[in-house]
Amino acid sequence: MNIFSDYHMHPQGHRLQPYGRALLEPWSDAARKKGIREFAITDHDRYHAGVDFDSFREWRDRNEDLTIRMGIELDNDPQNSEVGLAWVQRNWEKLDFVLGSVHFLGDWPFDRAGEDVGFSRRPIEEIYREYADALRKLVERGWIDCLAHLDLIKIFGFRPKAGFLGYFEEVLLLARERDLALEISTAGWRKPVGEAYPDEEIIRRAREMGIPITLASDAHSPFQIGEDYERLSLLLKRLGIGEVALFEGHKRKIVPLAAAERL
């Protein structure tokens with residue numbers, strides 16, 4: 001299976017860096033080497049000050065053999081999310097793709113290194129319910145095209161003993177109602193949980209609902225572009241997924257992976 005797209009990348013990493021040739025060119029070079037022919041850059045909205053649309057267009061035009069989309073990851077950061085949302089609203093027409101994600105429960109950045117201790121402070125079921133509620137609020141707020149790493153809350157391997165899917169059922173229903181896509185991300189394979197996002201049970205349920213799928217590595221360096229795509233290919237085959245969602249100007253098209261050689 002030829003997986004040719006990666007719709008979750010962070011050229012800025014986790015710090016504010018201005019867009020320019022020095023920052024962006026290594027990403028197109030690495031994508032080309034990995035056989036990734038269409039990708040979206042999706043830096044966190046808290047670093048939007050580094051996003052320069054003119055620099056992006058110049059970079060895209062220098063790499064005409066690749067399809068490069070302009071995106072952003074909009075999350076629920078309690079300090080920055082309202083400013084980030086306002087930036088997305090102002091620049092909606094300049095963006096191709098907006099990911100939505102939950103990285104905070106209140107002021108707790110639960111997925112950061114060293115934050116696993118927080119999972120022992122209250123029942124895991126309560127944490128999952130709060131996480132699912134935060135996801136619903138994110139979807140209801142709008143201004144997103146796709147949900148990123150839907151079950152990120154499992155990052156350190158903590159999960160309820162029973163009824164895992166039940167925490168995400170309402171979120172999936174709401175995503176279908178809002179016509180959102182769902183990301184399958186290889187990033188979980190390099191995290192303590194050691195499995196892709198989201199859980200296979202969630203993916204199967206999303207497919208039953210007709211929710212389209214994007215593919216992603218959540219790369220924070222060029223070396224992570226397309227990481228673990230061999231394992232992803234096996235996962236897609238096992239789940240019977242043979243098509244991928246692509247975006248341009250927030251308009252979605254579905255492309256069979258079998259057609260990748262003709263793109």
# chains A, B, ... in the order shown; residues from 1 in each chain; ligands from 1
$ residues_around --residues "Val139 (chain A)" --least-positions-apart "6" --cutoff "9 Å" --atoms "only C-alpha atoms" --output "PyMOL selection string"
chain A and resi 100+147+171+174-175+178+180
$ write_last_selection --atoms "C-alpha atoms" --output "PDB file, in the first residue's frame"
ATOM      1  CA  GLY A 100      -8.664  20.204  16.302  1.00  0.00           C
ATOM      2  CA  LEU A 147      -9.898  15.697  14.781  1.00  0.00           C
ATOM      3  CA  VAL A 171     -17.720  12.653  20.024  1.00  0.00           C
ATOM      4  CA  LEU A 174     -20.919  14.878  16.750  1.00  0.00           C
ATOM      5  CA  ALA A 175     -17.992  14.705  14.335  1.00  0.00           C
ATOM      6  CA  ARG A 178     -20.345  18.409  11.738  1.00  0.00           C
ATOM      7  CA  LEU A 180     -15.368  16.308  10.198  1.00  0.00           C
TER       8      LEU A 180
END
$ residues_around --residues "His250 (chain A)" --least-positions-apart "2" --cutoff "7 Å" --atoms "only C-alpha atoms" --output "number ranges by chain"
A: 96-97, 145, 247-248, 252
$ closest_residue --among "A:Phe223, A:Leu173, A:Ser233, A:Met209" --to "Ala196 (chain A)" --atoms "only C-alpha atoms"
A:Ser233
$ residues_around --residues "Glu130 (chain A)" --least-positions-apart "5" --cutoff "10 Å" --atoms "only C-alpha atoms" --output "list in words"
Leu105, Gly106, Ile124, Glu125, Leu135, Arg136 and Tyr167 of chain A
$ write_last_selection --atoms "C-alpha atoms" --output "tab-separated table (two decimals), in the first residue's frame"
chain	number	residue	atom	x	y	z
A	105	LEU	CA	-7.77	19.23	31.09
A	106	GLY	CA	-8.26	22.51	32.88
A	124	ILE	CA	-9.20	7.19	35.42
A	125	GLU	CA	-12.88	7.02	34.46
A	135	LEU	CA	-13.50	17.03	22.86
A	136	ARG	CA	-17.22	17.71	22.53
A	167	TYR	CA	-16.17	7.56	26.07
$ atom_distance --atom1 "CA of Ser55 (chain A)" --atom2 "CA of His220 (chain A)"
19.5 Å
$ select_by_dssp --residues "region 22-261 of chain A" --states "alpha helix (DSSP H)" --output "VMD selection string"
chain A and resid 22 to 34 53 to 62 81 to 90 124 to 141 169 to 177 200 to 208 229 to 239
$ closest_atom_pairs --of "region 160-212 of chain A" --to "region 116-119 of chain A" --cutoff "12 Å" --atoms "only C-alpha atoms" --output "CSV"
residue,atom,partner,partner_atom,distance
A:Pro160,CA,A:Phe119,CA,11.4
A:Pro192,CA,A:Asp116,CA,10.2
A:Val193,CA,A:Asp116,CA,11.5
$ write_last_selection --atoms "all heavy atoms" --output "mmCIF file, in the first residue's frame"
data_model
loop_
_atom_site.group_PDB
_atom_site.id
_atom_site.type_symbol
_atom_site.label_atom_id
_atom_site.label_comp_id
_atom_site.auth_asym_id
_atom_site.auth_seq_id
_atom_site.Cartn_x
_atom_site.Cartn_y
_atom_site.Cartn_z
ATOM 1 N N PRO A 160 -9.525 3.152 31.079
ATOM 2 C CA PRO A 160 -10.553 2.450 31.863
ATOM 3 C C PRO A 160 -10.504 0.954 31.605
ATOM 4 O O PRO A 160 -10.099 0.500 30.525
ATOM 5 C CB PRO A 160 -11.865 3.054 31.354
ATOM 6 C CG PRO A 160 -11.480 4.356 30.739
ATOM 7 C CD PRO A 160 -10.109 4.151 30.174
ATOM 8 N N PRO A 192 4.758 6.305 25.165
ATOM 9 C CA PRO A 192 4.706 5.176 26.103
ATOM 10 C C PRO A 192 3.593 4.175 25.831
ATOM 11 O O PRO A 192 3.757 2.977 26.075
ATOM 12 C CB PRO A 192 4.510 5.869 27.463
ATOM 13 C CG PRO A 192 5.178 7.196 27.295
ATOM 14 C CD PRO A 192 4.879 7.600 25.877
ATOM 15 N N VAL A 193 2.457 4.632 25.300
ATOM 16 C CA VAL A 193 1.345 3.719 25.054
ATOM 17 C C VAL A 193 1.693 2.682 23.997
ATOM 18 O O VAL A 193 1.171 1.564 23.992
ATOM 19 C CB VAL A 193 0.068 4.498 24.674
ATOM 20 C CG1 VAL A 193 0.189 5.142 23.305
ATOM 21 C CG2 VAL A 193 -1.158 3.609 24.744
#
$ residues_around --residues "Ile36 (chain A)" --least-positions-apart "2" --cutoff "12 Å" --atoms "only C-alpha atoms" --output "count of residues only"
33
$ closest_residue --among "A:Lys137, A:Ser101, A:Gly84, A:Gly242" --to "Glu183 (chain A)" --atoms "only C-alpha atoms"
A:Ser101
$ atom_distance --atom1 "CA of Arg60 (chain A)" --atom2 "CA of Leu24 (chain A)"
9.5 Å
$ select_by_dssp --residues "region 10-175 of chain A" --states "strand (DSSP E)" --output "ChimeraX atom specification"
/A:38-44,67-74,97-100,146-147
$ write_last_selection --atoms "C-alpha atoms" --output "CSV table (one decimal), in the first residue's frame"
chain,number,residue,atom,x,y,z
A,38,GLU,CA,1.1,15.6,-0.3
A,39,PHE,CA,1.3,17.0,3.2
A,40,ALA,CA,0.0,19.8,5.4
A,41,ILE,CA,2.0,21.8,7.9
A,42,THR,CA,0.0,22.2,11.1
A,43,ASP,CA,1.9,24.1,13.7
A,44,HIS,CA,0.2,24.8,17.0
A,67,THR,CA,1.4,19.3,-2.9
A,68,ILE,CA,1.9,21.3,0.2
A,69,ARG,CA,-1.1,22.5,2.2
A,70,MET,CA,-1.3,25.3,4.8
A,71,GLY,CA,-2.7,24.2,8.1
A,72,ILE,CA,-2.8,24.8,11.8
A,73,GLU,CA,-3.5,22.8,14.9
A,74,LEU,CA,-6.1,24.5,17.0
A,97,PHE,CA,-6.8,22.6,6.8
A,98,VAL,CA,-7.4,23.0,10.5
A,99,LEU,CA,-6.8,20.2,13.0
A,100,GLY,CA,-8.7,20.2,16.3
A,146,CYS,CA,-10.5,17.2,11.3
A,147,LEU,CA,-9.9,15.7,14.8
$ closest_residue --among "A:Leu232, A:Val102, A:Leu138, A:Leu165" --to "Leu152 (chain A)" --atoms "only C-alpha atoms"
A:Val102
$ closest_residue --among "A:Tyr131, A:Gln12, A:Ala245, A:Val255" --to "Ala49 (chain A)" --atoms "only C-alpha atoms"
A:Gln12
$ closest_residue --among "A:Arg62, A:His103, A:Lys251, A:His14" --to "Asp179 (chain A)" --atoms "only C-alpha atoms"
A:Lys251
$ closest_residue --among "A:Asp77, A:Glu170, A:Asp61, A:Asp52" --to "Ala206 (chain A)" --atoms "only C-alpha atoms"
A:Glu170
